[in-house]
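Asker: Input structure: structure-v8.pdb, which contains PDB, C-alpha atoms and all ligand atoms.
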```
ATOM      1  CA  MET A   1      19.568 -41.322  20.060  1.00  0.00           C
ATOM      2  CA  ALA A   2      21.265 -43.967  22.183  1.00  0.00           C
ATOM      3  CA  ASN A   3      19.138 -46.338  24.162  1.00  0.00           C
ATOM      4  CA  LEU A   4      18.656 -45.532  27.800  1.00  0.00           C
ATOM      5  CA  GLU A   5      20.000 -47.761  30.529  1.00  0.00           C
ATOM      6  CA  LEU A   6      19.312 -48.120  34.220  1.00  0.00           C
ATOM      7  CA  ASP A   7      21.632 -48.486  37.151  1.00  0.00           C
ATOM      8  CA  ASP A   8      21.000 -48.781  40.884  1.00  0.00           C
ATOM      9  CA  ARG A   9      20.243 -45.097  41.293  1.00  0.00           C
ATOM     10  CA  GLY A  10      18.776 -43.806  38.079  1.00  0.00           C
ATOM     11  CA  VAL A  11      18.479 -43.667  34.313  1.00  0.00           C
ATOM     12  CA  ILE A  12      21.664 -43.248  32.285  1.00  0.00           C
ATOM     13  CA  VAL A  13      21.227 -40.689  29.495  1.00  0.00           C
ATOM     14  CA  ALA A  14      23.972 -40.246  26.891  1.00  0.00           C
ATOM     15  CA  CYS A  15      24.505 -36.604  25.911  1.00  0.00           C
ATOM     16  CA  PRO A  16      23.753 -36.144  22.183  1.00  0.00           C
ATOM     17  CA  SER A  17      26.437 -33.451  21.938  1.00  0.00           C
ATOM     18  CA  CYS A  18      29.477 -34.980  23.639  1.00  0.00           C
ATOM     19  CA  GLY A  19      28.483 -38.592  24.386  1.00  0.00           C
ATOM     20  CA  GLN A  20      28.959 -38.238  28.129  1.00  0.00           C
ATOM     21  CA  LYS A  21      26.771 -40.643  30.092  1.00  0.00           C
ATOM     22  CA  ASN A  22      24.784 -38.794  32.720  1.00  0.00           C
ATOM     23  CA  ARG A  23      22.779 -40.366  35.514  1.00  0.00           C
ATOM     24  CA  VAL A  24      19.305 -38.925  36.149  1.00  0.00           C
ATOM     25  CA  VAL A  25      18.465 -40.160  39.626  1.00  0.00           C
ATOM     26  CA  TYR A  26      15.055 -41.767  40.060  1.00  0.00           C
ATOM     27  CA  GLU A  27      13.995 -39.062  42.500  1.00  0.00           C
ATOM     28  CA  ARG A  28      14.475 -36.292  39.884  1.00  0.00           C
ATOM     29  CA  LEU A  29      13.063 -37.674  36.660  1.00  0.00           C
ATOM     30  CA  SER A  30      10.818 -34.691  35.951  1.00  0.00           C
ATOM     31  CA  ALA A  31      13.396 -31.931  35.576  1.00  0.00           C
ATOM     32  CA  PRO A  32      15.716 -30.973  32.733  1.00  0.00           C
ATOM     33  CA  PHE A  33      19.376 -31.201  33.711  1.00  0.00           C
ATOM     34  CA  ARG A  34      22.811 -30.259  32.409  1.00  0.00           C
ATOM     35  CA  CYS A  35      25.348 -32.611  30.881  1.00  0.00           C
ATOM     36  CA  GLY A  36      28.174 -33.159  33.361  1.00  0.00           C
ATOM     37  CA  ARG A  37      30.808 -32.608  30.689  1.00  0.00           C
ATOM     38  CA  CYS A  38      29.604 -30.023  28.164  1.00  0.00           C
ATOM     39  CA  LYS A  39      26.834 -28.431  30.278  1.00  0.00           C
ATOM     40  CA  ARG A  40      24.252 -28.656  27.498  1.00  0.00           C
ATOM     41  CA  GLU A  41      20.717 -28.783  28.889  1.00  0.00           C
ATOM     42  CA  LEU A  42      19.211 -32.237  28.400  1.00  0.00           C
ATOM     43  CA  SER A  43      15.626 -33.349  28.656  1.00  0.00           C
ATOM     44  CA  PRO A  44      14.436 -35.961  31.150  1.00  0.00           C
ATOM     45  CA  PRO A  45      14.357 -39.549  29.798  1.00  0.00           C
ATOM     46  CA  SER A  46      12.412 -39.349  26.532  1.00  0.00           C
ATOM     47  CA  GLU A  47      12.330 -42.905  25.234  1.00  0.00           C
ATOM     48  CA  PRO A  48      11.197 -46.243  26.627  1.00  0.00           C
ATOM     49  CA  VAL A  49      13.695 -47.992  28.914  1.00  0.00           C
ATOM     50  CA  GLU A  50      14.069 -51.762  28.705  1.00  0.00           C
ATOM     51  CA  ILE A  51      14.015 -53.363  32.152  1.00  0.00           C
ATOM     52  CA  GLY A  52      16.923 -55.770  32.687  1.00  0.00           C
ATOM     53  CA  GLY A  53      15.710 -57.620  35.770  1.00  0.00           C
ATOM     54  CA  ALA A  54      13.256 -57.702  38.646  1.00  0.00           C
ATOM     55  CA  ALA A  55      15.573 -55.701  40.916  1.00  0.00           C
ATOM     56  CA  ASP A  56      15.731 -52.878  38.356  1.00  0.00           C
ATOM     57  CA  PHE A  57      11.978 -52.941  38.030  1.00  0.00           C
ATOM     58  CA  ASP A  58      11.431 -52.747  41.778  1.00  0.00           C
ATOM     59  CA  ARG A  59      13.857 -49.851  42.165  1.00  0.00           C
ATOM     60  CA  VAL A  60      12.198 -47.857  39.387  1.00  0.00           C
ATOM     61  CA  ILE A  61       8.708 -48.420  40.720  1.00  0.00           C
ATOM     62  CA  ALA A  62       9.672 -47.619  44.307  1.00  0.00           C
ATOM     63  CA  ASN A  63      11.745 -44.512  43.616  1.00  0.00           C
ATOM     64  CA  ALA A  64      10.548 -42.815  40.431  1.00  0.00           C
ATOM     65  CA  SER A  65       9.437 -39.231  40.999  1.00  0.00           C
ATOM     66  CA  VAL A  66       6.966 -39.500  38.106  1.00  0.00           C
ATOM     67  CA  PRO A  67       4.344 -42.158  37.256  1.00  0.00           C
ATOM     68  CA  VAL A  68       5.814 -45.185  35.495  1.00  0.00           C
ATOM     69  CA  VAL A  69       4.107 -46.676  32.448  1.00  0.00           C
ATOM     70  CA  VAL A  70       4.983 -50.354  32.005  1.00  0.00           C
ATOM     71  CA  ASP A  71       4.683 -52.110  28.651  1.00  0.00           C
ATOM     72  CA  TYR A  72       4.615 -55.884  29.076  1.00  0.00           C
ATOM     73  CA  TRP A  73       5.612 -57.339  25.718  1.00  0.00           C
ATOM     74  CA  ALA A  74       7.310 -60.290  24.029  1.00  0.00           C
ATOM     75  CA  PRO A  75       9.379 -60.592  20.837  1.00  0.00           C
ATOM     76  CA  TRP A  76       6.925 -62.993  19.170  1.00  0.00           C
ATOM     77  CA  CYS A  77       3.878 -60.761  19.733  1.00  0.00           C
ATOM     78  CA  GLY A  78       2.712 -58.908  16.608  1.00  0.00           C
ATOM     79  CA  PRO A  79       0.522 -56.327  18.365  1.00  0.00           C
ATOM     80  CA  CYS A  80       3.475 -55.569  20.663  1.00  0.00           C
ATOM     81  CA  ARG A  81       5.502 -54.540  17.621  1.00  0.00           C
ATOM     82  CA  MET A  82       2.643 -52.249  16.613  1.00  0.00           C
ATOM     83  CA  VAL A  83       2.483 -50.583  19.993  1.00  0.00           C
ATOM     84  CA  ALA A  84       6.271 -50.106  20.304  1.00  0.00           C
ATOM     85  CA  PRO A  85       6.518 -47.021  18.030  1.00  0.00           C
ATOM     86  CA  GLU A  86       3.423 -45.562  19.695  1.00  0.00           C
ATOM     87  CA  LEU A  87       5.141 -45.858  23.063  1.00  0.00           C
ATOM     88  CA  GLN A  88       8.212 -44.159  21.584  1.00  0.00           C
ATOM     89  CA  LYS A  89       5.981 -41.201  20.736  1.00  0.00           C
ATOM     90  CA  VAL A  90       4.431 -41.174  24.188  1.00  0.00           C
ATOM     91  CA  ALA A  91       7.851 -41.273  25.862  1.00  0.00           C
ATOM     92  CA  ALA A  92       9.124 -38.417  23.683  1.00  0.00           C
ATOM     93  CA  ARG A  93       6.048 -36.215  24.088  1.00  0.00           C
ATOM     94  CA  GLN A  94       5.646 -36.865  27.815  1.00  0.00           C
ATOM     95  CA  ALA A  95       9.287 -36.700  28.887  1.00  0.00           C
ATOM     96  CA  GLY A  96       9.390 -35.481  32.468  1.00  0.00           C
ATOM     97  CA  ARG A  97       5.732 -36.347  33.079  1.00  0.00           C
ATOM     98  CA  PHE A  98       5.950 -40.157  32.876  1.00  0.00           C
ATOM     99  CA  LEU A  99       8.719 -42.699  32.583  1.00  0.00           C
ATOM    100  CA  VAL A 100       7.985 -45.443  30.031  1.00  0.00           C
ATOM    101  CA  VAL A 101       9.591 -48.820  30.691  1.00  0.00           C
ATOM    102  CA  LYS A 102       9.349 -52.117  28.842  1.00  0.00           C
ATOM    103  CA  VAL A 103       9.235 -55.591  30.385  1.00  0.00           C
ATOM    104  CA  ASN A 104      10.043 -58.460  28.026  1.00  0.00           C
ATOM    105  CA  THR A 105       7.858 -61.160  29.567  1.00  0.00           C
ATOM    106  CA  GLU A 106       9.774 -63.880  27.741  1.00  0.00           C
ATOM    107  CA  ALA A 107      13.105 -62.789  29.249  1.00  0.00           C
ATOM    108  CA  LEU A 108      11.543 -61.886  32.635  1.00  0.00           C
ATOM    109  CA  PRO A 109       8.685 -64.357  33.170  1.00  0.00           C
ATOM    110  CA  ASP A 110       8.817 -63.863  36.934  1.00  0.00           C
ATOM    111  CA  LEU A 111       7.625 -60.256  36.582  1.00  0.00           C
ATOM    112  CA  GLY A 112       4.771 -61.244  34.297  1.00  0.00           C
ATOM    113  CA  GLU A 113       3.698 -63.857  36.811  1.00  0.00           C
ATOM    114  CA  ARG A 114       4.037 -61.608  39.809  1.00  0.00           C
ATOM    115  CA  PHE A 115       1.749 -59.024  38.215  1.00  0.00           C
ATOM    116  CA  ASN A 116      -0.560 -61.627  36.744  1.00  0.00           C
ATOM    117  CA  VAL A 117      -0.151 -60.435  33.160  1.00  0.00           C
ATOM    118  CA  ARG A 118      -2.443 -62.662  31.131  1.00  0.00           C
ATOM    119  CA  SER A 119      -2.184 -61.152  27.674  1.00  0.00           C
ATOM    120  CA  ILE A 120       0.266 -58.948  25.851  1.00  0.00           C
ATOM    121  CA  PRO A 121       0.686 -56.211  25.135  1.00  0.00           C
ATOM    122  CA  THR A 122      -0.489 -55.043  28.544  1.00  0.00           C
ATOM    123  CA  LEU A 123       0.089 -51.469  29.673  1.00  0.00           C
ATOM    124  CA  ALA A 124       0.122 -50.698  33.387  1.00  0.00           C
ATOM    125  CA  VAL A 125       0.476 -47.386  35.208  1.00  0.00           C
ATOM    126  CA  PHE A 126       2.290 -47.264  38.539  1.00  0.00           C
ATOM    127  CA  ALA A 127       2.096 -44.217  40.777  1.00  0.00           C
ATOM    128  CA  GLN A 128       3.800 -43.825  44.144  1.00  0.00           C
ATOM    129  CA  GLY A 129       4.918 -47.425  44.167  1.00  0.00           C
ATOM    130  CA  ARG A 130       1.724 -49.200  43.258  1.00  0.00           C
ATOM    131  CA  GLU A 131      -0.252 -50.120  40.202  1.00  0.00           C
ATOM    132  CA  VAL A 132      -3.214 -47.814  39.626  1.00  0.00           C
ATOM    133  CA  ALA A 133      -4.471 -48.970  36.213  1.00  0.00           C
ATOM    134  CA  ARG A 134      -3.848 -51.408  33.406  1.00  0.00           C
ATOM    135  CA  THR A 135      -5.199 -52.132  29.962  1.00  0.00           C
ATOM    136  CA  ALA A 136      -4.542 -54.810  27.353  1.00  0.00           C
ATOM    137  CA  GLY A 137      -4.122 -54.489  23.608  1.00  0.00           C
ATOM    138  CA  ALA A 138      -2.376 -52.220  21.123  1.00  0.00           C
ATOM    139  CA  ARG A 139      -3.572 -48.657  20.589  1.00  0.00           C
ATOM    140  CA  PRO A 140      -2.309 -45.386  19.144  1.00  0.00           C
ATOM    141  CA  ALA A 141      -0.192 -42.951  21.129  1.00  0.00           C
ATOM    142  CA  ALA A 142      -3.021 -40.474  21.752  1.00  0.00           C
ATOM    143  CA  ASP A 143      -5.191 -43.230  23.232  1.00  0.00           C
ATOM    144  CA  ILE A 144      -2.317 -44.398  25.424  1.00  0.00           C
ATOM    145  CA  GLU A 145      -1.830 -40.840  26.675  1.00  0.00           C
ATOM    146  CA  ALA A 146      -5.542 -40.512  27.439  1.00  0.00           C
ATOM    147  CA  PHE A 147      -5.463 -43.800  29.353  1.00  0.00           C
ATOM    148  CA  ILE A 148      -2.452 -42.671  31.398  1.00  0.00           C
ATOM    149  CA  ASP A 149      -3.944 -39.245  32.165  1.00  0.00           C
ATOM    150  CA  GLN A 150      -7.179 -40.796  33.295  1.00  0.00           C
ATOM    151  CA  ALA A 151      -5.355 -43.315  35.481  1.00  0.00           C
ATOM    152  CA  ILE A 152      -3.297 -40.611  37.167  1.00  0.00           C
ATOM    153  CA  HIS A 153      -6.199 -38.270  37.726  1.00  0.00           C
ATOM    154  CA  ALA A 154      -8.346 -41.036  39.149  1.00  0.00           C
ATOM    155  CA  HIS A 155      -5.491 -41.852  41.516  1.00  0.00           C
ATOM    156  CA  HIS A 156      -5.120 -38.304  42.851  1.00  0.00           C
TER     157      HIS A 156
HETATM  158 ZN    ZN A 201      27.509 -33.264  26.852  1.00  0.00          ZN
END
```
What would the structure in this file look like if it were written as structure tokens?

Answerer:
Amino acid sequence: MANLELDDRGVIVACPSCGQKNRVVYERLSAPFRCGRCKRELSPPSEPVEIGGAADFDRVIANASVPVVVDYWAPWCGPCRMVAPELQKVAARQAGRFLVVKVNTEALPDLGERFNVRSIPTLAVFAQGREVARTAGARPAADIEAFIDQAIHAHH
């Protein structure tokens, strides 16, 4: 599956049937939708999205209709490489419930500083525009899902 991209208004999902790039606006990340060209039904974003810059990050956090799970990572970090496939599983299993995004703290040090990320990997959960929980260290997908569920339920 092609990697997901972001633009000013949403997540760009390439259709696996025809290749058409479809925008899923941030306000409607929880619902399945139809490809604009071939009309196949597509699932909401189902893999982690790499954040390209602070403006992208701020737009996602402010506008996403589902909680956003942020993975702060860096290329040199061994445990980050261990957690990456676990986050792939979480993103696939929880498509439409959460959006998983990745922040490369080496490429985007300003975000790491703004959120006071002291160790990586750090996972943070944002709901309705603000951070509601974070945890540090690698863990399996089921533990990540439990952490996210607990964070969201505690927030509501
Ligand atoms: Zn299509």

Asker: Go through the shown structure with the PyMOL selection byres (((not hetatm)) within 10 of (chain A and resi 201)) and write out the matching residues as a list in words.

Answerer: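 Evaluating the PyMOL selection byres (((not hetatm)) within 10 of (chain A and resi 201)) on these coordinates yields Ala14, Cys15, Pro16, Ser17, Cys18, Gly19, Gln20, Lys21, Asn22, Arg34, Cys35, Gly36, Arg37, Cys38, Lys39, Arg40, Glu41 and Leu42 of chain A.
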
Asker: Run through the PyMOL selection byres (((chain A and resi 53) around 10) and not hetatm) on the given coordinates and return the selected residues as a list of chain:residue names.

Answerer: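 Residues picked by the PyMOL selection byres (((chain A and resi 53) around 10) and not hetatm): A:Glu50, A:Ile51, A:Gly52, A:Ala54, A:Ala55, A:Asp56, A:Phe57, A:Asp58, A:Val103, A:Asn104, A:Ala107, A:Leu108, A:Asp110, A:Leu111.
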
Asker: Please report, as JSON, the centre and edge lengths in Å to one decimal of an axis-aligned box covering all listed atoms of region 86-103 of chain A with 4 Å per side.

Answerer:
```
{"center_x": 6.5, "center_y": -45.5, "center_z": 26.4, "size_x": 14.2, "size_y": 28.1, "size_z": 21.4}
```

Asker: Counting only C-alpha atoms, which of A:Ala91, A:Pro32, A:Gln128, A:Pro109 gets nearest to Arg59 (chain A)?

Answerer: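 Checking each candidate against Arg59 (chain A), we get A:Gln128 as the closest.
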
Asker: So which one's closest to Ala95 (chain A), A:Pro48, A:Arg130, A:Val25, A:Val125? Using all atoms listed in the file, please.

Answerer: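 Using all atoms listed in the file, the shortest distance to Ala95 (chain A) belongs to A:Pro48.
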
Asker: Determine, counting only C-alpha atoms, which protein, DNA and RNA residues have an atom within 10 Å of an atom of Ala84 (chain A); residues of the same chain fewer than 2 positions away are not included. Present the result as JSON, numbers by chain.

Answerer: {"A": [48, 71, 73, 79, 80, 81, 82, 86, 87, 88, 89, 90, 102, 121, 138, 139, 140, 141]}

Asker: If the PyMOL selection byres (((chain A and resi 60-65) around 10) and not hetatm) were run on this exact file, what residues would it hold? Put them as a ChimeraX atom specification.

Answerer: /A:6-11,25-31,51,54-59,66-70,96-99,101,125-131

Asker: Do you have the CA of Leu4 (chain A)-CA of Glu106 (chain A) distance handy?

Answerer: 20.4 Å

Asker: Interatomic distance between CA of Val24 (chain A) and CA of Val83 (chain A)?

Answerer: 26.1 Å

Asker: Rounded to one decimal, what separation in Å do you get between CA of Ala146 (chain A) and CA of Pro85 (chain A)?

Answerer: 16.6 Å

Asker: Tell me which of A:Ala142, A:Ile152, A:Tyr72, A:Arg93 sits closest to Arg118 (chain A), counting all atoms listed in the file.

Answerer: A:Tyr72

Asker: How would you write as a list of chain:residue names the residues that get within 6 Å of (-2.2, -53.6, 31.2) in the file's frame, counting only C-alpha atoms?

Answerer: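 Residues with an atom close enough to that point: A:Thr122, A:Leu123, A:Ala124, A:Arg134, A:Thr135, A:Ala136.
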